[in-house]
Structure formats: structure tokens, C-alpha cells
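**Q** Sharing a structure here in C-alpha cells format.
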Amino acid sequence: MAQQYGKREELIAALQTDVLTAAVGAVTAHPLAEAGVEAIVPHRWRLGALIKKVCDHLESHHIVRAETAHGTMEIRGHQVRFPHTPTAPVRLSPAPLALLRELVMADGTVLSREELLEMLPLCDSERALEMLVSRLRKSLQAPAVVQTVVKRGYKLAV
């Protein structure tokens, strides 16, 4: 339909941004894939399965915004960015992303090392947690967003 109205390129460009594209099956996803648009597709090609797939995806990939001492931070899926800076978003691997999400959800409250070790299944020791914090800081555009509170733990600088 977009092709008939002369809007195909605009539609494809819009679908390649931060829009979630979903298709009920491989047949309906094929034209999207050919156009360079990634679509989520459920294992069972049914409308109910598609709705569940979209809900699951949004639950794990929704946008989280946090006001920090260094400006607003956005987490979109695996990417973190500070919208008011000219630099590109930073893609985090799962472990640093999980740590950052926990700090954001704590909203400036200090999380002890013990609490973080319980929350982060990929982290099994205090040394591993320290390395994870270090990797997260090195990845972020504003490393001071993650603060160490001596003898207590870590927090998001709000």
C-alpha cells in the first residue's frame, strides 16, 4: 500500500528507526527483511502468539529514562545514551546492562555488593562485580554516573 501511495521509502526509513516491527509469520516478514527491516516473528504463526511475542519484547526492550547528575540517560534495549550529547549511543553487553538497570531502578539508593551479587546471576564474586562496574564505567559516555559509596556499595549519581 505504501508503494501505491508513493510512500514506500518513507515507511521503510521509519521502520528502520526505533519502531518495533512485528509480523505474524515468515511469509509476512519476508518483504520486510528484503527491505532491511528487522521484524520479530513468533514461533507459532498465530495472532495470540504474535501478541505475546510483542509483549515479551517490549517488557525486555522498553525505554528507561533516568535523571542523573550528568543529564538524562536513556536505556533502549542494549543501548545507552545521553540524548543531549552529540555522541552516538553505546551498546552494552548483557552483564553491564543488567547492572546499570539495577542501579537505575534503585533511583539513587545505594545497593550493597551483596544485594548486587544476588540480583546479577552472571556475577559470582565481589571481584567479578568490581570488574563489571569498571567495564560499565568505561563503556558509558559519563563514567561518573556510577558512583562507589565507600564501605557500602554502588549507586547511580542522581
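Please note that chains go A, B, ... in the order of the C-alpha cells, that every chain numbers its residues from 1, and that ligands are numbered from 1 in the order shown.
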As a list in words, list the residues of chain A assigned to strand (DSSP E) by DSSP on the backbone atoms of this structure.
**A** Ile63, Val64, Arg65, Ala66, Glu67, Thr68, Gly71, Thr72, Met73, Glu74, Ile75, Arg76, Gln79, Val80, Arg81, Val90, Arg91, Val146, Gln147, Thr148, Val149, Gly153, Tyr154, Lys155 and Leu156 of chain A
**Q** With only C-alpha atoms as the counted atoms, please give the residues lying no more than 12 Å from segment 3-9 of chain A, apart from itself and same-chain residues fewer than 4 positions off, as an mmCIF file with all heavy atoms, in the first residue's frame.
**A**
```
data_model
loop_
_atom_site.group_PDB
_atom_site.id
_atom_site.type_symbol
_atom_site.label_atom_id
_atom_site.label_comp_id
_atom_site.auth_asym_id
_atom_site.auth_seq_id
_atom_site.Cartn_x
_atom_site.Cartn_y
_atom_site.Cartn_z
ATOM 1 N N ALA A 13 12.140 3.831 5.923
ATOM 2 C CA ALA A 13 13.019 4.643 6.775
ATOM 3 C C ALA A 13 12.470 4.720 8.194
ATOM 4 O O ALA A 13 13.230 4.615 9.168
ATOM 5 C CB ALA A 13 13.176 6.041 6.184
ATOM 6 N N ALA A 14 11.173 4.888 8.337
ATOM 7 C CA ALA A 14 10.558 4.957 9.672
ATOM 8 C C ALA A 14 10.688 3.622 10.395
ATOM 9 O O ALA A 14 10.969 3.583 11.594
ATOM 10 C CB ALA A 14 9.092 5.354 9.552
ATOM 11 N N LEU A 15 10.503 2.524 9.684
ATOM 12 C CA LEU A 15 10.578 1.200 10.310
ATOM 13 C C LEU A 15 12.000 0.810 10.692
ATOM 14 O O LEU A 15 12.203 -0.102 11.483
ATOM 15 C CB LEU A 15 9.981 0.137 9.380
ATOM 16 C CG LEU A 15 8.472 0.226 9.144
ATOM 17 C CD1 LEU A 15 8.026 -0.823 8.132
ATOM 18 C CD2 LEU A 15 7.696 0.091 10.443
ATOM 19 N N GLN A 16 12.991 1.504 10.156
ATOM 20 C CA GLN A 16 14.382 1.206 10.485
ATOM 21 C C GLN A 16 14.890 2.043 11.652
ATOM 22 O O GLN A 16 16.053 1.955 12.008
ATOM 23 C CB GLN A 16 15.270 1.401 9.254
ATOM 24 C CG GLN A 16 15.030 0.348 8.203
ATOM 25 C CD GLN A 16 15.783 0.613 6.916
ATOM 26 O OE1 GLN A 16 16.046 1.747 6.556
ATOM 27 N NE2 GLN A 16 16.116 -0.455 6.208
ATOM 28 N N PRO A 31 9.023 -9.717 3.044
ATOM 29 C CA PRO A 31 9.208 -8.422 2.354
ATOM 30 C C PRO A 31 9.887 -7.376 3.235
ATOM 31 O O PRO A 31 10.647 -6.546 2.741
ATOM 32 C CB PRO A 31 7.784 -7.983 2.005
ATOM 33 C CG PRO A 31 6.926 -9.188 2.150
ATOM 34 C CD PRO A 31 7.621 -10.111 3.095
ATOM 35 N N LEU A 32 9.640 -7.447 4.531
ATOM 36 C CA LEU A 32 10.303 -6.517 5.448
ATOM 37 C C LEU A 32 11.801 -6.795 5.481
ATOM 38 O O LEU A 32 12.618 -5.871 5.401
ATOM 39 C CB LEU A 32 9.704 -6.635 6.854
ATOM 40 C CG LEU A 32 8.256 -6.196 6.994
ATOM 41 C CD1 LEU A 32 7.683 -6.652 8.327
ATOM 42 C CD2 LEU A 32 8.133 -4.686 6.855
ATOM 43 N N ALA A 35 13.619 -5.523 2.588
ATOM 44 C CA ALA A 35 13.770 -4.068 2.613
ATOM 45 C C ALA A 35 14.734 -3.608 3.716
ATOM 46 O O ALA A 35 14.946 -2.412 3.895
ATOM 47 C CB ALA A 35 12.400 -3.417 2.818
ATOM 48 N N GLY A 36 15.305 -4.571 4.463
ATOM 49 C CA GLY A 36 16.257 -4.207 5.514
ATOM 50 C C GLY A 36 15.618 -3.865 6.840
ATOM 51 O O GLY A 36 16.234 -3.248 7.696
ATOM 52 N N VAL A 37 14.378 -4.297 7.040
ATOM 53 C CA VAL A 37 13.665 -4.033 8.283
ATOM 54 C C VAL A 37 13.625 -5.327 9.090
ATOM 55 O O VAL A 37 13.158 -6.360 8.605
ATOM 56 C CB VAL A 37 12.228 -3.533 8.020
ATOM 57 C CG1 VAL A 37 11.464 -3.369 9.324
ATOM 58 C CG2 VAL A 37 12.253 -2.232 7.238
#
```
**Q** I'd like the contact shell of Ile63 of chain A - 8 Å cut-off, only C-alpha atoms, skipping same-chain residues fewer than 5 positions apart - returned as a compact mmCIF listing (two decimals) with N, CA and C atoms, in the first residue's frame.
**A**
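around-v2.txt, freshly written:
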```
# COMPACT_ATOMS: atom_id res chain seq x y z
N GLU A 74 19.12 7.52 28.73
CA GLU A 74 18.11 6.63 28.16
C GLU A 74 18.71 5.26 27.91
N ILE A 75 17.96 4.24 28.31
CA ILE A 75 18.34 2.87 28.01
C ILE A 75 17.28 2.34 27.07
N ARG A 76 17.68 1.99 25.85
CA ARG A 76 16.79 1.43 24.83
C ARG A 76 17.35 0.08 24.43
N GLY A 77 16.70 -0.97 24.89
CA GLY A 77 17.22 -2.29 24.59
C GLY A 77 18.61 -2.43 25.18
```
**Q** With a distance cut-off of 12 Å and only C-alpha atoms, select the neighbouring residues of Val27 of chain A, excluding the residue or stretch itself and same-chain residues fewer than 4 positions from it, and output the selection as a PyMOL selection string.
**A** chain A and resi 23+31-34+39+41+45
**Q** Can you tell me how far atom CA of Leu156 of chain A sits from atom CA of Ala66 of chain A, in Å to one decimal?
**A**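 One can read the atom CA of Leu156 of chain A to atom CA of Ala66 of chain A distance as 9.3 Å.
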**Q** Report the residues of chain A whose backbone DSSP state falls under alpha helix (DSSP H), written as number ranges by chain.
**A** A: 8-15, 26-34, 47-61, 94-106, 113-119, 126-139
**Q** Pick out the residues sitting within 12 Å of Thr109 of chain A, and hand them over as a list in words; count only C-alpha atoms, and ignore anything fewer than 6 positions along from it in its own chain.
**A**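 Answer for this query is Glu102, Leu103, Glu115, Val146, Gln147, Thr148, Val149, Arg152, Gly153, Tyr154, Lys155, Leu156, Ala157 and Val158 of chain A.
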**Q** How would the residues just picked look written out with all heavy atoms as a CSV table (one decimal), in the first residue's frame?
**A**
```
chain,number,residue,atom,x,y,z
A,102,GLU,N,19.7,-2.3,37.3
A,102,GLU,CA,19.5,-2.4,38.7
A,102,GLU,C,19.8,-1.0,39.4
A,102,GLU,O,19.0,-0.6,40.3
A,102,GLU,CB,20.4,-3.5,39.3
A,102,GLU,CG,20.0,-4.9,38.9
A,102,GLU,CD,18.6,-5.3,39.3
A,102,GLU,OE1,18.0,-4.7,40.2
A,102,GLU,OE2,18.1,-6.2,38.7
A,103,LEU,N,20.9,-0.4,39.0
A,103,LEU,CA,21.2,0.9,39.6
A,103,LEU,C,20.1,2.0,39.3
A,103,LEU,O,19.8,2.8,40.1
A,103,LEU,CB,22.6,1.4,39.1
A,103,LEU,CG,23.8,0.6,39.6
A,103,LEU,CD1,25.0,1.0,39.0
A,103,LEU,CD2,23.9,0.6,41.1
A,115,GLU,N,23.7,-7.2,47.8
A,115,GLU,CA,22.4,-7.1,47.0
A,115,GLU,C,22.7,-7.3,45.5
A,115,GLU,O,21.9,-8.0,44.8
A,115,GLU,CB,21.8,-5.7,47.3
A,115,GLU,CG,21.2,-5.6,48.7
A,115,GLU,CD,20.8,-4.2,48.9
A,115,GLU,OE1,21.5,-3.2,48.7
A,115,GLU,OE2,19.6,-4.0,49.4
A,146,VAL,N,28.0,6.2,37.6
A,146,VAL,CA,28.1,5.1,38.5
A,146,VAL,C,29.0,5.4,39.6
A,146,VAL,O,30.2,5.6,39.4
A,146,VAL,CB,28.5,3.7,37.9
A,146,VAL,CG1,28.6,2.6,38.9
A,146,VAL,CG2,27.6,3.4,36.7
A,147,GLN,N,28.5,5.6,40.9
A,147,GLN,CA,29.3,6.1,42.0
A,147,GLN,C,29.6,4.9,42.9
A,147,GLN,O,28.7,4.1,43.2
A,147,GLN,CB,28.6,7.2,42.8
A,147,GLN,CG,28.5,8.5,42.0
A,147,GLN,CD,27.9,9.6,42.9
A,147,GLN,OE1,27.1,9.3,43.7
A,147,GLN,NE2,28.4,10.8,42.7
A,148,THR,N,30.8,4.9,43.5
A,148,THR,CA,31.1,4.0,44.5
A,148,THR,C,30.9,4.7,45.9
A,148,THR,O,31.4,5.8,46.0
A,148,THR,CB,32.6,3.6,44.5
A,148,THR,OG1,32.9,2.9,43.2
A,148,THR,CG2,33.0,2.6,45.6
A,149,VAL,N,30.2,4.1,46.7
A,149,VAL,CA,30.0,4.6,48.1
A,149,VAL,C,30.8,3.7,49.0
A,149,VAL,O,30.5,2.5,49.2
A,149,VAL,CB,28.5,4.5,48.5
A,149,VAL,CG1,28.3,5.1,49.9
A,149,VAL,CG2,27.6,5.3,47.5
A,152,ARG,N,30.0,0.7,51.4
A,152,ARG,CA,28.6,0.4,51.3
A,152,ARG,C,28.2,-0.2,50.0
A,152,ARG,O,27.3,-1.1,50.0
A,152,ARG,CB,27.8,1.7,51.5
A,152,ARG,CG,28.0,2.3,52.9
A,152,ARG,CD,27.1,3.4,53.3
A,152,ARG,NE,25.7,3.2,53.0
A,152,ARG,CZ,24.9,4.1,52.6
A,152,ARG,NH1,25.3,5.3,52.5
A,152,ARG,NH2,23.6,3.8,52.4
A,153,GLY,N,28.7,0.2,48.9
A,153,GLY,CA,28.3,-0.4,47.6
A,153,GLY,C,28.3,0.6,46.5
A,153,GLY,O,29.2,1.5,46.4
A,154,TYR,N,27.3,0.6,45.6
A,154,TYR,CA,27.3,1.4,44.4
A,154,TYR,C,25.9,2.1,44.3
A,154,TYR,O,24.9,1.6,44.7
A,154,TYR,CB,27.6,0.6,43.1
A,154,TYR,CG,28.9,-0.1,43.2
A,154,TYR,CD1,29.0,-1.4,43.6
A,154,TYR,CD2,30.1,0.6,42.9
A,154,TYR,CE1,30.3,-2.0,43.7
A,154,TYR,CE2,31.3,0.0,42.9
A,154,TYR,CZ,31.4,-1.3,43.3
A,154,TYR,OH,32.6,-1.9,43.4
A,155,LYS,N,25.9,3.2,43.5
A,155,LYS,CA,24.6,3.9,43.3
A,155,LYS,C,24.8,4.7,42.0
A,155,LYS,O,25.9,5.0,41.5
A,155,LYS,CB,24.2,4.8,44.4
A,155,LYS,CG,25.1,6.1,44.6
A,155,LYS,CD,24.5,7.0,45.7
A,155,LYS,CE,25.1,8.4,45.5
A,155,LYS,NZ,24.3,9.4,46.1
A,156,LEU,N,23.6,5.1,41.5
A,156,LEU,CA,23.5,6.0,40.3
A,156,LEU,C,23.6,7.4,40.8
A,156,LEU,O,22.9,7.8,41.8
A,156,LEU,CB,22.2,5.7,39.6
A,156,LEU,CG,22.0,6.4,38.2
A,156,LEU,CD1,23.0,5.6,37.2
A,156,LEU,CD2,20.6,6.3,37.8
A,157,ALA,N,24.5,8.2,40.2
A,157,ALA,CA,24.6,9.6,40.6
A,157,ALA,C,23.4,10.4,40.1
A,157,ALA,O,23.3,10.6,38.9
A,157,ALA,CB,25.9,10.2,40.0
A,158,VAL,N,22.5,10.7,41.0
A,158,VAL,CA,21.3,11.5,40.6
A,158,VAL,C,21.3,12.9,41.1
A,158,VAL,O,22.1,13.2,42.0
A,158,VAL,CB,20.0,10.8,41.1
A,158,VAL,CG1,19.8,9.5,40.4
A,158,VAL,CG2,20.0,10.6,42.6
```
**Q** Would you tabulate, counting only C-alpha atoms, all residues of segment 2-95 of chain A that have an atom at most 12 Å from an atom of segment 121-128 of chain A, showing the closest pair of atoms and their distance in Å to one decimal, sorted by chain then ascending number, as JSON lines?
**A**
```
{"residue": "A:Ser93", "atom": "CA", "partner": "A:Leu122", "partner_atom": "CA", "distance": 11.6}
{"residue": "A:Pro94", "atom": "CA", "partner": "A:Leu122", "partner_atom": "CA", "distance": 9.0}
{"residue": "A:Ala95", "atom": "CA", "partner": "A:Leu122", "partner_atom": "CA", "distance": 6.5}
```
**Q** Return the single residue from A:Gln79, A:Gly108, A:Arg113, A:Lys53 that is closest to Ser139 of chain A, with distances computed using only C-alpha atoms.
**A**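 Closest to Ser139 of chain A of all the choices is A:Gln79.
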**Q** Rank A:Ala29, A:Val150, A:Val19, A:Leu47 by their smallest atom-to-atom distance to His61 of chain A, using only C-alpha atoms, and report the top residue only.
**A**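 Between A:Ala29, A:Val150, A:Val19, A:Leu47, the residue approaching His61 of chain A most closely is A:Val19.
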**Q** Pick the closest to Thr85 of chain A from A:Arg137, A:His43, A:His70, A:His30: which is it, counting only C-alpha atoms?
**A**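 Result for the nearest residue to Thr85 of chain A: A:His70.
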